[in-house]
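Quick look at work-v5.txt (compact mmCIF, C-alpha atoms and all ligand atoms):
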# COMPACT_ATOMS: atom_id res chain seq x y z
CA MET F 1 -24.39 0.02 5.80
CA LYS F 2 -21.81 2.56 4.64
CA HIS F 3 -18.51 1.40 3.20
CA TYR F 4 -15.35 3.48 3.42
CA MET F 5 -12.23 2.98 1.35
CA MET F 6 -8.84 3.68 2.90
CA LEU F 7 -6.92 6.32 0.95
CA PHE F 8 -3.34 7.44 1.54
CA PRO F 9 -2.08 10.77 3.00
CA GLU F 10 -3.45 13.93 1.32
CA GLY F 11 -6.18 11.83 -0.28
CA LYS F 12 -3.77 10.10 -2.66
CA THR F 13 -5.35 7.00 -4.17
CA LYS F 14 -2.18 4.99 -4.86
CA ALA F 15 1.18 4.13 -3.27
CA VAL F 16 4.43 2.63 -4.54
CA THR F 17 7.09 0.86 -2.44
CA PHE F 18 10.47 -0.71 -3.20
CA SER F 19 11.95 -3.42 -0.94
CA TYR F 20 15.52 -4.60 -1.65
CA ASP F 21 17.54 -7.23 0.17
CA ASP F 22 21.08 -8.11 1.25
CA ALA F 23 22.93 -4.73 1.35
CA ILE F 24 24.79 -5.23 -1.93
CA GLN F 25 27.30 -2.56 -3.10
CA SER F 26 25.09 -1.96 -6.14
CA ASP F 27 22.38 -0.69 -3.75
CA LYS F 28 24.29 2.63 -3.95
CA ARG F 29 23.55 2.95 -7.69
CA PHE F 30 19.92 1.92 -7.05
CA ILE F 31 19.57 4.61 -4.35
CA GLU F 32 20.91 7.23 -6.78
CA LEU F 33 18.03 6.28 -9.09
CA LEU F 34 15.44 6.31 -6.29
CA ASN F 35 16.67 9.77 -5.23
CA LYS F 36 16.61 11.02 -8.84
CA TYR F 37 12.90 10.11 -9.06
CA ASP F 38 11.96 11.13 -5.47
CA LEU F 39 11.13 7.52 -4.56
CA LYS F 40 11.71 5.69 -1.27
CA GLY F 41 13.16 2.27 -0.63
CA SER F 42 13.29 -0.19 2.25
CA PHE F 43 16.61 -2.04 2.47
CA ASN F 44 16.71 -5.34 4.29
CA ILE F 45 20.07 -6.13 5.80
CA SER F 46 21.74 -9.17 7.36
CA SER F 47 24.22 -7.12 9.36
CA ASN F 48 26.80 -9.90 9.83
CA MET F 49 27.46 -9.66 6.06
CA CYS F 50 28.24 -5.96 6.58
CA ILE F 51 30.55 -6.76 9.53
CA GLU F 52 32.42 -9.31 7.39
CA ALA F 53 32.72 -6.73 4.58
CA GLU F 54 34.67 -4.36 6.87
CA GLY F 55 38.02 -6.06 6.38
CA GLN F 56 37.69 -6.75 2.65
CA GLU F 57 39.21 -4.82 -0.24
CA ASN F 58 36.29 -5.02 -2.69
CA PRO F 59 33.43 -6.44 -0.62
CA ARG F 60 30.19 -7.63 -2.20
CA ASN F 61 28.23 -6.12 0.68
CA ILE F 62 28.06 -2.59 2.03
CA LYS F 63 30.26 -2.23 5.14
CA LEU F 64 28.56 -1.79 8.50
CA SER F 65 30.34 1.54 8.96
CA GLU F 66 28.89 2.72 5.61
CA ILE F 67 25.24 1.81 6.01
CA LYS F 68 24.11 4.92 7.90
CA GLU F 69 25.32 7.18 5.09
CA ALA F 70 24.56 4.80 2.18
CA TYR F 71 20.85 4.41 3.06
CA LYS F 72 20.21 7.99 4.22
CA GLY F 73 16.61 9.01 3.59
CA HIS F 74 15.46 5.39 3.15
CA GLU F 75 14.36 2.64 5.54
CA ILE F 76 16.71 0.04 6.97
CA ALA F 77 15.00 -3.20 7.97
CA SER F 78 16.28 -6.46 9.40
CA HIS F 79 16.92 -9.63 7.40
CA GLY F 80 18.32 -11.95 10.13
CA PHE F 81 21.89 -11.54 11.47
CA THR F 82 23.58 -14.18 9.27
CA HIS F 83 20.87 -14.61 6.60
CA PRO F 84 19.74 -18.00 7.96
CA HIS F 85 16.93 -20.35 7.05
CA LEU F 86 15.04 -19.29 10.17
CA ASP F 87 12.56 -22.16 10.02
CA ARG F 88 15.40 -24.69 10.41
CA LEU F 89 16.83 -23.22 13.62
CA PRO F 90 16.09 -24.10 17.25
CA LEU F 91 14.09 -21.41 19.03
CA GLU F 92 16.99 -19.73 20.83
CA ALA F 93 19.10 -19.51 17.66
CA MET F 94 16.12 -18.13 15.74
CA SER F 95 15.51 -15.52 18.40
CA TYR F 96 19.23 -14.59 18.50
CA GLU F 97 19.29 -14.08 14.71
CA ILE F 98 16.37 -11.68 14.91
CA TYR F 99 17.45 -9.80 18.05
CA GLN F 100 21.14 -9.50 17.16
CA ASP F 101 20.42 -8.13 13.69
CA ARG F 102 17.98 -5.53 14.96
CA LEU F 103 20.41 -4.47 17.71
CA THR F 104 23.39 -4.24 15.32
CA LEU F 105 21.44 -2.22 12.72
CA GLU F 106 20.05 0.15 15.35
CA LYS F 107 23.50 0.76 16.87
CA ALA F 108 25.04 1.31 13.42
CA THR F 109 22.38 3.77 12.25
CA GLY F 110 20.99 5.36 15.41
CA GLN F 111 17.53 4.57 14.05
CA ILE F 112 14.71 2.32 15.24
CA VAL F 113 14.33 -0.83 13.13
CA LYS F 114 10.82 -2.30 13.05
CA GLY F 115 10.67 -4.07 9.67
CA PHE F 116 11.84 -7.51 8.62
CA VAL F 117 12.23 -9.65 5.51
CA TYR F 118 12.47 -13.45 5.77
CA PRO F 119 15.80 -14.73 4.35
CA TYR F 120 14.91 -17.10 1.46
CA GLY F 121 11.27 -16.34 2.29
CA ASN F 122 11.29 -19.18 4.85
CA TYR F 123 9.44 -19.04 8.17
CA ASN F 124 7.08 -20.95 10.43
CA ALA F 125 4.73 -20.17 13.33
CA ASP F 126 7.69 -19.94 15.76
CA THR F 127 9.44 -17.40 13.51
CA ILE F 128 6.39 -15.17 13.60
CA ALA F 129 6.24 -15.49 17.40
CA ALA F 130 9.96 -14.64 17.68
CA LEU F 131 9.49 -11.55 15.50
CA ARG F 132 6.63 -10.38 17.71
CA LEU F 133 8.70 -10.93 20.88
CA ASN F 134 11.51 -8.87 19.39
CA GLY F 135 9.23 -5.99 18.44
CA LEU F 136 9.25 -6.40 14.65
CA VAL F 137 5.93 -5.28 13.19
CA TYR F 138 6.04 -6.36 9.57
CA ALA F 139 7.78 -9.19 7.73
CA ARG F 140 7.91 -9.58 3.98
CA THR F 141 7.83 -12.95 2.28
CA CYS F 142 8.91 -13.65 -1.29
CA ILE F 143 6.75 -16.66 -1.91
CA GLY F 144 4.38 -14.79 -4.17
CA PHE F 145 1.25 -16.78 -3.53
CA PRO F 146 -1.71 -16.29 -3.44
CA LYS F 147 -1.77 -12.48 -3.64
CA TYR F 148 0.94 -11.96 -6.29
CA HIS F 149 0.11 -9.35 -8.95
CA GLU F 150 -2.48 -7.63 -6.77
CA PHE F 151 -2.54 -4.00 -5.65
CA ASP F 152 -3.87 -4.78 -2.18
CA VAL F 153 -2.53 -3.27 1.04
CA PRO F 154 -1.28 -6.07 3.37
CA GLU F 155 -3.63 -7.23 6.10
CA ASN F 156 -1.41 -9.86 7.69
CA TRP F 157 1.70 -7.73 8.16
CA LEU F 158 3.91 -10.52 9.50
CA GLU F 159 3.33 -12.51 6.30
CA MET F 160 3.09 -9.63 3.87
CA ASP F 161 3.51 -10.16 0.16
CA THR F 162 4.43 -7.85 -2.70
CA THR F 163 2.90 -7.07 -6.10
CA CYS F 164 5.86 -8.51 -8.00
CA HIS F 165 9.60 -8.99 -8.35
CA HIS F 166 11.28 -6.44 -10.66
CA SER F 167 12.16 -9.16 -13.19
CA ASP F 168 8.50 -10.14 -13.57
CA LYS F 169 7.43 -10.37 -17.22
CA ARG F 170 4.27 -8.49 -16.33
CA LEU F 171 6.09 -5.55 -14.67
CA PHE F 172 5.12 -2.97 -17.29
CA ASP F 173 1.59 -4.37 -17.74
CA LEU F 174 1.12 -3.98 -14.00
CA ALA F 175 2.57 -0.46 -14.11
CA ASP F 176 0.16 0.38 -16.93
CA THR F 177 -2.86 -0.86 -14.96
CA PHE F 178 -1.62 0.88 -11.80
CA ILE F 179 -1.29 4.23 -13.58
CA ASN F 180 -4.42 4.08 -15.75
CA GLU F 181 -7.03 2.61 -13.42
CA ASP F 182 -8.69 4.69 -10.73
CA PRO F 183 -9.43 2.79 -7.50
CA LEU F 184 -12.15 5.34 -6.64
CA ARG F 185 -14.22 3.95 -9.55
CA ASN F 186 -14.44 0.60 -7.76
CA TRP F 187 -16.37 1.51 -4.63
CA HIS F 188 -16.13 -2.04 -3.30
CA ARG F 189 -12.37 -1.87 -2.88
CA LYS F 190 -11.17 -1.77 0.70
CA THR F 191 -8.14 0.46 -0.01
CA GLY F 192 -6.41 2.44 -2.71
CA PHE F 193 -3.81 0.71 -4.89
CA LEU F 194 -0.43 -0.39 -3.53
CA PHE F 195 2.23 -1.33 -6.11
CA SER F 196 5.03 -3.03 -4.15
CA ILE F 197 8.19 -4.20 -5.90
CA TRP F 198 11.02 -6.29 -4.48
CA GLY F 199 14.37 -7.68 -5.55
CA HIS F 200 18.14 -7.62 -5.10
CA THR F 201 20.28 -5.03 -6.88
CA TYR F 202 22.88 -7.69 -7.85
CA GLU F 203 20.20 -8.94 -10.27
CA PHE F 204 20.84 -5.84 -12.40
CA ASP F 205 23.98 -7.28 -13.92
CA LYS F 206 23.44 -5.90 -17.43
CA GLU F 207 22.98 -2.23 -18.41
CA GLU F 208 19.62 -3.10 -20.04
CA GLU F 209 18.37 -4.25 -16.64
CA TRP F 210 19.36 -0.97 -14.99
CA GLU F 211 17.60 0.83 -17.87
CA ARG F 212 14.51 -1.34 -17.33
CA ILE F 213 14.17 -0.50 -13.63
CA GLU F 214 14.83 3.19 -14.34
CA LYS F 215 12.06 3.12 -16.95
CA LEU F 216 9.70 1.66 -14.33
CA MET F 217 10.71 4.38 -11.86
CA SER F 218 10.13 7.11 -14.45
CA ILE F 219 6.62 5.73 -15.14
CA VAL F 220 5.45 5.56 -11.53
CA SER F 221 7.22 8.66 -10.13
CA ASN F 222 6.19 12.31 -9.72
CA ARG F 223 2.45 11.68 -9.92
CA SER F 224 0.09 13.74 -7.79
CA GLU F 225 -2.19 10.77 -7.01
CA VAL F 226 0.66 8.52 -5.80
CA TRP F 227 2.32 8.37 -2.36
CA TYR F 228 5.94 7.20 -2.10
CA PRO F 229 6.47 5.82 1.43
CA THR F 230 8.96 3.37 2.88
CA THR F 231 7.33 0.13 4.00
CA ILE F 232 7.38 1.21 7.67
CA GLU F 233 5.78 4.56 6.78
CA LEU F 234 3.03 2.66 4.98
CA TYR F 235 2.62 0.32 7.97
CA ASN F 236 2.40 3.24 10.42
CA TYR F 237 -0.27 4.99 8.34
CA VAL F 238 -2.36 1.81 7.99
CA GLN F 239 -2.16 1.22 11.76
CA ALA F 240 -3.45 4.76 12.32
CA TYR F 241 -6.28 4.09 9.84
CA ASN F 242 -7.11 0.85 11.69
CA SER F 243 -7.28 2.77 14.98
CA LEU F 244 -10.15 5.04 13.83
CA VAL F 245 -13.17 4.85 16.14
CA TYR F 246 -16.67 4.62 14.58
CA SER F 247 -20.21 5.00 15.86
CA VAL F 248 -22.29 1.87 15.31
CA ASP F 249 -23.95 3.33 12.18
CA MET F 250 -20.51 4.62 11.03
CA SER F 251 -21.76 8.22 10.72
CA VAL F 252 -19.35 9.51 13.39
CA ILE F 253 -15.60 8.89 13.07
CA THR F 254 -12.96 9.90 15.63
CA ASN F 255 -9.26 9.94 14.85
CA ASN F 256 -7.11 9.61 18.00
CA SER F 257 -3.92 9.05 16.00
CA ALA F 258 -1.13 11.47 15.14
CA TYR F 259 -1.92 11.22 11.39
CA ASP F 260 -4.56 12.94 9.26
CA ILE F 261 -6.45 9.97 7.81
CA TRP F 262 -8.07 10.00 4.38
CA LEU F 263 -11.03 7.88 3.36
CA ALA F 264 -13.49 7.79 0.48
CA LYS F 265 -17.21 7.36 0.65
CA ASP F 266 -19.04 6.53 -2.60
CA GLY F 267 -15.87 7.45 -4.48
CA LYS F 268 -15.52 10.87 -2.80
CA PRO F 269 -12.43 11.52 -0.63
CA PHE F 270 -12.62 13.14 2.80
CA VAL F 271 -10.25 13.58 5.72
CA VAL F 272 -10.51 12.93 9.44
CA GLU F 273 -7.78 15.14 10.85
CA SER F 274 -5.58 14.04 13.72
CA GLY F 275 -7.39 14.43 17.04
CA LYS F 276 -10.71 15.37 15.36
CA THR F 277 -14.20 13.88 14.96
CA VAL F 278 -16.26 14.07 11.76
CA ARG F 279 -20.03 13.57 11.38
CA LEU F 280 -21.23 12.36 8.00
ZN ZN F 301 18.37 -12.16 1.35

Would you write out, as structure tokens, the structure that this file holds?
Amino acid sequence: MKHYMMLFPEGKTKAVTFSYDDAIQSDKRFIELLNKYDLKGSFNISSNMCIEAEGQENPRNIKLSEIKEAYKGHEIASHGFTHPHLDRLPLEAMSYEIYQDRLTLEKATGQIVKGFVYPYGNYNADTIAALRLNGLVYARTCIGFPKYHEFDVPENWLEMDTTCHHSDKRLFDLADTFINEDPLRNWHRKTGFLFSIWGHTYEFDKEEEWERIEKLMSIVSNRSEVWYPTTIELYNYVQAYNSLVYSVDMSVITNNSAYDIWLAKDGKPFVVESGKTVRL
């Protein structure tokens, strides 16, 4: 039987994402760096923190009235209205935290919010059900087990993991592997490489730490084989890939999605354009 590997838009073999939590004022400096290197971030916000920041002189968090402008060009995702331990709440309070945050962020930005990050990384089966009921499509954990340090694309999007935290001792080893290895050489891989990094910008409290993350950005950025999506853009592309229709011997592939989808067969990339059928 044939085996196809999922590639990213335009046949790119790798992708990098950044996911940062809590809407800290220092996100503004981080976004300047992302913009300098043409990178995209997903910013996960507990909007009640931003409401509370409104009346403060030097707030720790970005004000609700600022978020639309502050995160322009990047993704805003939900992080629970008051940053609760969701797994410790009764069902109605859990559902309120998820719904109210999404509603507040959407009203403040005029954008649709579909992503989520678990506050403290905590959740249970009810939390996942509540996310589904409220229309959230992905939810990032920060537990880091068992997939930590891998370059795999998430399969279970409501319990998705990352490659590493930015303070990880192996950050530059991982970047080195990510840049120097070619996923097309390993025909058994299911997808190209995804290097996903998470953290909080308040963790960059020394100049050396800002220099360290900028060095990482300079290494992974502006590379022709790498795609730089937000997390929701990655999710949307993977859903389109998963919606491809195959003949039973996999020699005919139809793409009913709005995206051109790239695959590789025996290490060779090819495209199934939106609305088209290919015969191999
Ligand atoms: Zn948080």

Kindly assemble as JSON lines a list of the chain F residues that lie within 9 Å of ligand ZN 301 (chain F), each paired with its nearest atom pair and their distance in Å to one decimal, using only C-alpha atoms and all ligand atoms, sorted first by chain and then by ascending residue number.
{"residue": "F:Tyr20", "atom": "CA", "partner": "F:ZN301", "partner_atom": "ZN", "distance": 8.6}
{"residue": "F:Asp21", "atom": "CA", "partner": "F:ZN301", "partner_atom": "ZN", "distance": 5.1}
{"residue": "F:Asp22", "atom": "CA", "partner": "F:ZN301", "partner_atom": "ZN", "distance": 4.9}
{"residue": "F:Ala23", "atom": "CA", "partner": "F:ZN301", "partner_atom": "ZN", "distance": 8.7}
{"residue": "F:Asn44", "atom": "CA", "partner": "F:ZN301", "partner_atom": "ZN", "distance": 7.6}
{"residue": "F:Ile45", "atom": "CA", "partner": "F:ZN301", "partner_atom": "ZN", "distance": 7.7}
{"residue": "F:Ser46", "atom": "CA", "partner": "F:ZN301", "partner_atom": "ZN", "distance": 7.5}
{"residue": "F:His79", "atom": "CA", "partner": "F:ZN301", "partner_atom": "ZN", "distance": 6.7}
{"residue": "F:Gly80", "atom": "CA", "partner": "F:ZN301", "partner_atom": "ZN", "distance": 8.8}
{"residue": "F:His83", "atom": "CA", "partner": "F:ZN301", "partner_atom": "ZN", "distance": 6.3}
{"residue": "F:Pro84", "atom": "CA", "partner": "F:ZN301", "partner_atom": "ZN", "distance": 8.9}
{"residue": "F:Val117", "atom": "CA", "partner": "F:ZN301", "partner_atom": "ZN", "distance": 7.8}
{"residue": "F:Tyr118", "atom": "CA", "partner": "F:ZN301", "partner_atom": "ZN", "distance": 7.5}
{"residue": "F:Pro119", "atom": "CA", "partner": "F:ZN301", "partner_atom": "ZN", "distance": 4.7}
{"residue": "F:Tyr120", "atom": "CA", "partner": "F:ZN301", "partner_atom": "ZN", "distance": 6.0}
{"residue": "F:Gly121", "atom": "CA", "partner": "F:ZN301", "partner_atom": "ZN", "distance": 8.3}
{"residue": "F:His200", "atom": "CA", "partner": "F:ZN301", "partner_atom": "ZN", "distance": 7.9}

Report the closest atom pair, with its distance in Å rounded to one decimal, for each residue of range 3-50 of chain F that has an atom no farther than 10 Å from range 213-226 of chain F; count only C-alpha atoms, sort by chain and then rising residue number, and write it as JSON lines.
{"residue": "F:Phe8", "atom": "CA", "partner": "F:Val226", "partner_atom": "CA", "distance": 8.4}
{"residue": "F:Pro9", "atom": "CA", "partner": "F:Val226", "partner_atom": "CA", "distance": 9.5}
{"residue": "F:Glu10", "atom": "CA", "partner": "F:Glu225", "partner_atom": "CA", "distance": 9.0}
{"residue": "F:Gly11", "atom": "CA", "partner": "F:Glu225", "partner_atom": "CA", "distance": 7.9}
{"residue": "F:Lys12", "atom": "CA", "partner": "F:Glu225", "partner_atom": "CA", "distance": 4.7}
{"residue": "F:Thr13", "atom": "CA", "partner": "F:Glu225", "partner_atom": "CA", "distance": 5.7}
{"residue": "F:Lys14", "atom": "CA", "partner": "F:Val226", "partner_atom": "CA", "distance": 4.6}
{"residue": "F:Ala15", "atom": "CA", "partner": "F:Val226", "partner_atom": "CA", "distance": 5.1}
{"residue": "F:Val16", "atom": "CA", "partner": "F:Val226", "partner_atom": "CA", "distance": 7.1}
{"residue": "F:Phe30", "atom": "CA", "partner": "F:Glu214", "partner_atom": "CA", "distance": 9.0}
{"residue": "F:Leu33", "atom": "CA", "partner": "F:Glu214", "partner_atom": "CA", "distance": 6.9}
{"residue": "F:Leu34", "atom": "CA", "partner": "F:Met217", "partner_atom": "CA", "distance": 7.6}
{"residue": "F:Lys36", "atom": "CA", "partner": "F:Met217", "partner_atom": "CA", "distance": 9.4}
{"residue": "F:Tyr37", "atom": "CA", "partner": "F:Ser221", "partner_atom": "CA", "distance": 6.0}
{"residue": "F:Asp38", "atom": "CA", "partner": "F:Ser221", "partner_atom": "CA", "distance": 7.1}
{"residue": "F:Leu39", "atom": "CA", "partner": "F:Ser221", "partner_atom": "CA", "distance": 6.9}

Residues at most 10 Å from range 245-247 of chain F, counting all atoms listed in the file, excluding those fewer than 6 positions away in the same chain, as a ChimeraX atom specification? /F:253-256,277-279

Could you please determine the separation between CA of Phe43 in chain F and CA of Asn156 in chain F in Å, to one decimal place? 20.3 Å

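Proximity ranking of F:Gly199, F:Gly115, F:Pro154, F:Gly192 relative to Ile24 in chain F places F:Gly199 first, based on all atoms listed in the file.
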
Long-range neighbours of Glu273 in chain F as number ranges by chain, 7 Å cut-off, only C-alpha atoms, 3 positions minimum in chain: F: 255, 260-261, 276

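Shortest atom-to-atom contact with Met160 in chain F among F:Tyr235, F:Phe204, F:Phe172, F:Phe193: F:Tyr235, counting only C-alpha atoms.
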
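For the pair CA of Arg189 in chain F and CA of Leu174 in chain F, the interatomic distance is 17.6 Å.
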
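Comparing F:Ser167, F:Asn242, F:Asn180, F:Thr127 by their smallest distance to Glu155 in chain F, the closest is F:Asn242 (using only C-alpha atoms).
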
Using all atoms listed in the file, which of the listed residues (F:Leu64, F:Ala70, F:Ile179, F:Met94) sits closest to Leu131 in chain F? F:Met94

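For the atom pair formed by CA of Leu234 in chain F and CA of Thr17 in chain F, the distance is 8.6 Å, given to one decimal.
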
Given only C-alpha atoms as the counted atoms, nearest of F:His149, F:Arg132, F:Lys72, F:Lys63 to Asp173 in chain F: F:His149

Using all atoms listed in the file, what residues lie at most 10 Å away from (-22.4, 6.1, 1.8) (file coordinates), given as a PyMOL selection string? chain F and resi 1-4+187+250-251+264-268+280

Point out the residue among F:Phe18, F:Glu66, F:Lys28, F:Ala130 with the least atom-to-atom distance to Glu54 in chain F, counting all atoms listed in the file. F:Glu66
